[in-house]
Structure formats: C-alpha cells, structure tokens
>>> print(open('upload_8.pdb').read())   # PDB, C-alpha atoms
ATOM      1  CA  MET A   1       6.676  -6.276   1.450
ATOM      2  CA  ARG A   2       8.523  -6.299  -1.834
ATOM      3  CA  PRO A   3       8.881  -4.281  -4.996
ATOM      4  CA  VAL A   4       6.344  -5.616  -7.496
ATOM      5  CA  HIS A   5       6.397  -3.029 -10.264
ATOM      6  CA  PHE A   6       8.710  -0.451 -11.837
ATOM      7  CA  GLU A   7       7.886   2.780 -13.641
ATOM      8  CA  LEU A   8      10.097   4.409 -16.268
ATOM      9  CA  PRO A   9       9.549   8.051 -17.273
ATOM     10  CA  VAL A  10       9.669   8.469 -21.049
ATOM     11  CA  VAL A  11       9.142  11.317 -23.505
ATOM     12  CA  ASP A  12       7.716   9.174 -26.326
ATOM     13  CA  GLN A  13       5.927   6.028 -25.149
ATOM     14  CA  GLY A  14       5.682   4.527 -28.632
ATOM     15  CA  ARG A  15       9.388   4.965 -29.276
ATOM     16  CA  ALA A  16      10.301   3.658 -25.818
ATOM     17  CA  ALA A  17       7.947   0.684 -26.218
ATOM     18  CA  ALA A  18       9.582  -0.216 -29.543
ATOM     19  CA  PHE A  19      13.032   0.022 -27.933
ATOM     20  CA  TYR A  20      12.240  -2.253 -24.962
ATOM     21  CA  GLU A  21      10.322  -4.713 -27.126
ATOM     22  CA  LYS A  22      13.214  -4.978 -29.608
ATOM     23  CA  VAL A  23      16.091  -5.056 -27.125
ATOM     24  CA  PHE A  24      14.591  -7.108 -24.272
ATOM     25  CA  GLY A  25      11.566  -8.803 -25.816
ATOM     26  CA  TRP A  26       9.117  -7.137 -23.426
ATOM     27  CA  ASP A  27       5.419  -7.091 -24.319
ATOM     28  CA  ILE A  28       4.243  -3.487 -23.964
ATOM     29  CA  GLN A  29       0.596  -2.486 -24.255
ATOM     30  CA  GLN A  30      -0.990   0.939 -23.830
ATOM     31  CA  TRP A  31      -3.429   1.209 -20.923
ATOM     32  CA  GLU A  32      -6.621   2.468 -22.570
ATOM     33  CA  GLY A  33      -7.342   6.122 -21.942
ATOM     34  CA  ALA A  34      -4.078   6.953 -20.187
ATOM     35  CA  PRO A  35      -0.523   7.961 -21.166
ATOM     36  CA  TYR A  36       0.661   4.789 -19.428
ATOM     37  CA  TRP A  37       1.978   1.666 -21.118
ATOM     38  CA  LEU A  38       2.183  -1.628 -19.203
ATOM     39  CA  ALA A  39       5.346  -3.687 -19.695
ATOM     40  CA  THR A  40       5.316  -7.456 -19.228
ATOM     41  CA  THR A  41       8.976  -8.390 -18.911
ATOM     42  CA  GLY A  42       8.575 -12.172 -18.968
ATOM     43  CA  PRO A  43       6.382 -15.089 -17.951
ATOM     44  CA  ASP A  44       4.932 -15.179 -14.441
ATOM     45  CA  THR A  45       6.778 -18.467 -13.895
ATOM     46  CA  GLU A  46      10.144 -16.653 -14.009
ATOM     47  CA  ALA A  47      11.606 -14.383 -11.334
ATOM     48  CA  GLY A  48      11.298 -10.677 -12.024
ATOM     49  CA  ILE A  49       8.804  -7.831 -11.987
ATOM     50  CA  ASN A  50       6.729  -6.114 -14.619
ATOM     51  CA  GLY A  51       6.401  -2.391 -15.012
ATOM     52  CA  ALA A  52       5.231   0.517 -17.075
ATOM     53  CA  LEU A  53       6.286   3.437 -19.219
ATOM     54  CA  GLY A  54       4.761   6.710 -18.051
ATOM     55  CA  GLN A  55       4.830  10.231 -19.440
ATOM     56  CA  LYS A  56       7.947  12.025 -18.217
ATOM     57  CA  SER A  57       7.176  15.209 -16.290
ATOM     58  CA  GLU A  58       8.659  17.490 -13.662
ATOM     59  CA  ASP A  59       7.123  15.253 -10.974
ATOM     60  CA  PHE A  60       8.097  12.009 -12.728
ATOM     61  CA  SER A  61      11.603  12.345 -14.086
ATOM     62  CA  VAL A  62      13.512   9.345 -12.707
ATOM     63  CA  PRO A  63      12.768   5.599 -12.659
ATOM     64  CA  MET A  64      11.082   4.278  -9.556
ATOM     65  CA  PHE A  65       9.740   1.072  -8.176
ATOM     66  CA  VAL A  66       6.451   0.325  -6.469
ATOM     67  CA  ILE A  67       6.107  -1.713  -3.278
ATOM     68  CA  GLU A  68       2.971  -3.779  -2.703
ATOM     69  CA  VAL A  69       1.564  -3.356   0.798
ATOM     70  CA  PRO A  70      -1.395  -5.011   2.542
ATOM     71  CA  ASN A  71      -2.783  -1.670   3.778
ATOM     72  CA  ILE A  72      -1.812   1.502   1.919
ATOM     73  CA  ASP A  73      -3.116   3.828   4.636
ATOM     74  CA  ALA A  74      -0.943   2.142   7.280
ATOM     75  CA  ALA A  75       2.053   2.100   4.916
ATOM     76  CA  MET A  76       1.672   5.826   4.195
ATOM     77  CA  LEU A  77       1.610   6.532   7.920
ATOM     78  CA  SER A  78       4.711   4.361   8.445
ATOM     79  CA  VAL A  79       6.777   6.054   5.743
ATOM     80  CA  VAL A  80       5.854   9.520   7.041
ATOM     81  CA  GLU A  81       6.701   8.529  10.621
ATOM     82  CA  ALA A  82      10.085   7.295   9.346
ATOM     83  CA  GLY A  83      10.844  10.648   7.681
ATOM     84  CA  ALA A  84       9.377  10.355   4.172
ATOM     85  CA  THR A  85       7.176  12.910   2.430
ATOM     86  CA  ILE A  86       3.990  11.942   0.589
ATOM     87  CA  VAL A  87       4.186  13.487  -2.898
ATOM     88  CA  HIS A  88       1.007  11.970  -4.348
ATOM     89  CA  PRO A  89      -1.763  10.879  -1.981
ATOM     90  CA  LYS A  90      -3.708   7.638  -2.111
ATOM     91  CA  SER A  91      -5.540   7.409  -5.430
ATOM     92  CA  PRO A  92      -7.848   4.699  -6.764
ATOM     93  CA  ILE A  93      -7.042   2.654  -9.840
ATOM     94  CA  PRO A  94     -10.564   1.420 -10.682
ATOM     95  CA  GLY A  95     -10.864  -2.355 -10.555
ATOM     96  CA  VAL A  96      -7.202  -2.743  -9.560
ATOM     97  CA  GLY A  97      -6.406  -1.076  -6.232
ATOM     98  CA  TYR A  98      -4.839   2.050  -4.765
ATOM     99  CA  SER A  99      -1.525   3.809  -5.296
ATOM    100  CA  ALA A 100       0.398   6.551  -3.514
ATOM    101  CA  TYR A 101       3.892   7.980  -3.969
ATOM    102  CA  PHE A 102       6.457   9.241  -1.492
ATOM    103  CA  THR A 103       9.980  10.611  -1.345
ATOM    104  CA  ASP A 104      12.186   8.766   1.134
ATOM    105  CA  THR A 105      14.773  10.293   3.469
ATOM    106  CA  GLU A 106      17.383  10.205   0.667
ATOM    107  CA  GLY A 107      15.252  11.895  -1.992
ATOM    108  CA  ASN A 108      14.220   8.729  -3.840
ATOM    109  CA  ARG A 109      10.660   8.704  -5.123
ATOM    110  CA  MET A 110       8.850   5.394  -4.711
ATOM    111  CA  GLY A 111       5.328   4.093  -4.945
ATOM    112  CA  LEU A 112       3.010   2.110  -2.710
ATOM    113  CA  PHE A 113       0.303  -0.177  -4.064
ATOM    114  CA  GLU A 114      -2.564  -2.027  -2.397
ATOM    115  CA  THR A 115      -4.544  -4.565  -4.419
ATOM    116  CA  ASP A 116      -8.301  -4.006  -4.145
ATOM    117  CA  GLU A 117     -10.442  -4.963  -7.133
ATOM    118  CA  SER A 118     -13.379  -3.054  -5.615
ATOM    119  CA  ALA A 119     -11.498   0.269  -5.926
ATOM    120  CA  THR A 120     -13.487   2.970  -7.703
ATOM    121  CA  ILE A 121     -13.136   6.684  -8.325
ATOM    122  CA  GLU A 122     -15.130   8.311  -5.569
TER     123      GLU A 122
END
>>> encode(input="upload_8.pdb", output="structure tokens")
Amino acid sequence: MRPVHFELPVVDQGRAAAFYEKVFGWDIQQWEGAPYWLATTGPDTEAGINGALGQKSEDFSVPMFVIEVPNIDAAMLSVVEAGATIVHPKSPIPGVGYSAYFTDTEGNRMGLFETDESATIE
C-alpha cells in the first residue's frame, strides 16, 4: 500500500491554485460543489502523485498524504490496533470510493482511500 494522493490546507484556494500552477505547472481544477481543488502534478506516465487543495480549518491545518488500501474497513481496524486514532470515519465519495482519516502514534494526520466506483451517499 502506497501514498497515492496529497492534500494541502489553504486559506484561499484560488490564490493557492494560481501559485502552484505558475510555479510548478500543475493543472488545478475545482471539484464542483465542494471547497476542494484537484491538482494534477504531471502526466500519468511520470512518477509522482496528484493531490488537492482543501479549505484550511482547525481539523485540517497541516499537509497530509492519503494511502490507497484494498479494504478501508480492514485498514481502519489495523491502524487502530497499532495505536492510531480515527479522526474522520469512513465516508463515501460518490462514484469514486471511500475515505477515512486517522492520527498515527506520532500525531501525524493521514488519510485512507479505497477505490469503489459504486460508492454512494447512504
């Protein structure tokens, strides 16, 4: 299981998008209906991961990365058994999959992601 996505907390998504587009050439597009902007950092044929710019908040104040897992429920159980704390439970991303967030034993917040195109809001 590997990191597949990063998330950067920002105060002004438009300003941050302009910065990363200008400096690094990233393609940044707002996800319709959400304060979340997807960042494509390069072509899929090159090594690297894509990410997003999210609204900075008390709960989301430092950059984090997201690890893709084959089974998010099993991964959540594993991280808790290893000493982590779930800070945001499993949530659907309609048509994409499921996400959850945890704080590891050292205080780092990270995400889990399971691909499932049949995911819907229940």
>>> residues_around(input="upload_8.pdb", residues="Pro63 of chain A", least_positions_apart="4", cutoff="12 Å", atoms="all atoms listed in the file", output="MDAnalysis selection string")
chainID A and resid 5:10 51:57 59 108:111
>>> closest_residue(input="upload_8.pdb", among="A:Asp27, A:Glu58, A:Asp12, A:Asp73", to="Glu114 of chain A", atoms="all atoms listed in the file")
A:Asp73
>>> resolve_selection(input="upload_8.pdb", expression="the PyMOL selection byres ((chain A and resi 102-104) around 12)", output="ChimeraX atom specification")
/A:59-60,62,64-67,72,75-90,99-101,105-113
>>> closest_residue(input="upload_8.pdb", among="A:Pro3, A:Asp116, A:Gln13, A:Pro43", to="Trp31 of chain A", atoms="all atoms listed in the file")
A:Gln13
>>> atom_distance(input="upload_8.pdb", atom1="atom CA of Thr115 of chain A", atom2="atom CA of Val69 of chain A")
8.1 Å
>>> build_atoms(input="upload_8.pdb", residues="segment 85-113 of chain A", atoms="N, CA and C atoms", output="compact mmCIF listing (two decimals), keeping the file's coordinate frame")
# COMPACT_ATOMS: atom_id res chain seq x y z
N THR A 85 8.18 11.91 2.78
CA THR A 85 7.18 12.91 2.43
C THR A 85 6.25 12.32 1.37
N ILE A 86 4.95 12.40 1.60
CA ILE A 86 3.99 11.94 0.59
C ILE A 86 3.96 12.99 -0.52
N VAL A 87 4.19 12.55 -1.77
CA VAL A 87 4.19 13.49 -2.90
C VAL A 87 2.95 13.31 -3.78
N HIS A 88 2.27 12.20 -3.64
CA HIS A 88 1.01 11.97 -4.35
C HIS A 88 0.16 11.10 -3.43
N PRO A 89 -0.96 11.62 -2.95
CA PRO A 89 -1.76 10.88 -1.98
C PRO A 89 -2.42 9.64 -2.58
N LYS A 90 -2.99 8.85 -1.71
CA LYS A 90 -3.71 7.64 -2.11
C LYS A 90 -4.72 7.97 -3.20
N SER A 91 -4.63 7.22 -4.30
CA SER A 91 -5.54 7.41 -5.43
C SER A 91 -6.05 6.06 -5.90
N PRO A 92 -7.33 5.97 -6.28
CA PRO A 92 -7.85 4.70 -6.76
C PRO A 92 -7.42 4.42 -8.20
N ILE A 93 -7.21 3.16 -8.48
CA ILE A 93 -7.04 2.65 -9.84
C ILE A 93 -8.24 1.72 -10.01
N PRO A 94 -9.32 2.19 -10.65
CA PRO A 94 -10.56 1.42 -10.68
C PRO A 94 -10.37 -0.04 -11.10
N GLY A 95 -10.92 -0.93 -10.28
CA GLY A 95 -10.86 -2.36 -10.56
C GLY A 95 -9.53 -3.00 -10.26
N VAL A 96 -8.56 -2.23 -9.79
CA VAL A 96 -7.20 -2.74 -9.56
C VAL A 96 -6.78 -2.56 -8.11
N GLY A 97 -6.85 -1.33 -7.60
CA GLY A 97 -6.41 -1.08 -6.23
C GLY A 97 -6.14 0.40 -6.00
N TYR A 98 -5.17 0.67 -5.13
CA TYR A 98 -4.84 2.05 -4.76
C TYR A 98 -3.34 2.26 -4.86
N SER A 99 -2.94 3.47 -5.25
CA SER A 99 -1.52 3.81 -5.30
C SER A 99 -1.29 5.12 -4.56
N ALA A 100 -0.06 5.31 -4.13
CA ALA A 100 0.40 6.55 -3.51
C ALA A 100 1.90 6.62 -3.76
N TYR A 101 2.46 7.82 -3.73
CA TYR A 101 3.89 7.98 -3.97
C TYR A 101 4.50 8.83 -2.87
N PHE A 102 5.76 8.51 -2.54
CA PHE A 102 6.46 9.24 -1.49
C PHE A 102 7.90 9.45 -1.89
N THR A 103 8.54 10.40 -1.22
CA THR A 103 9.98 10.61 -1.34
C THR A 103 10.59 10.19 -0.02
N ASP A 104 11.57 9.28 -0.10
CA ASP A 104 12.19 8.77 1.13
C ASP A 104 13.18 9.77 1.71
N THR A 105 13.84 9.39 2.78
CA THR A 105 14.77 10.29 3.47
C THR A 105 15.98 10.67 2.62
N GLU A 106 16.23 9.93 1.53
CA GLU A 106 17.38 10.20 0.67
C GLU A 106 16.99 10.86 -0.65
N GLY A 107 15.71 11.22 -0.79
CA GLY A 107 15.25 11.90 -1.99
C GLY A 107 14.77 10.98 -3.10
N ASN A 108 14.71 9.67 -2.84
CA ASN A 108 14.22 8.73 -3.84
C ASN A 108 12.70 8.71 -3.84
N ARG A 109 12.11 8.79 -5.02
CA ARG A 109 10.66 8.70 -5.12
C ARG A 109 10.28 7.25 -5.36
N MET A 110 9.32 6.77 -4.59
CA MET A 110 8.85 5.39 -4.71
C MET A 110 7.34 5.35 -4.57
N GLY A 111 6.77 4.25 -5.02
CA GLY A 111 5.33 4.09 -4.94
C GLY A 111 4.91 3.02 -3.96
N LEU A 112 3.67 3.12 -3.53
CA LEU A 112 3.01 2.11 -2.71
C LEU A 112 1.79 1.64 -3.49
N PHE A 113 1.46 0.36 -3.36
CA PHE A 113 0.30 -0.18 -4.06
C PHE A 113 -0.40 -1.19 -3.18
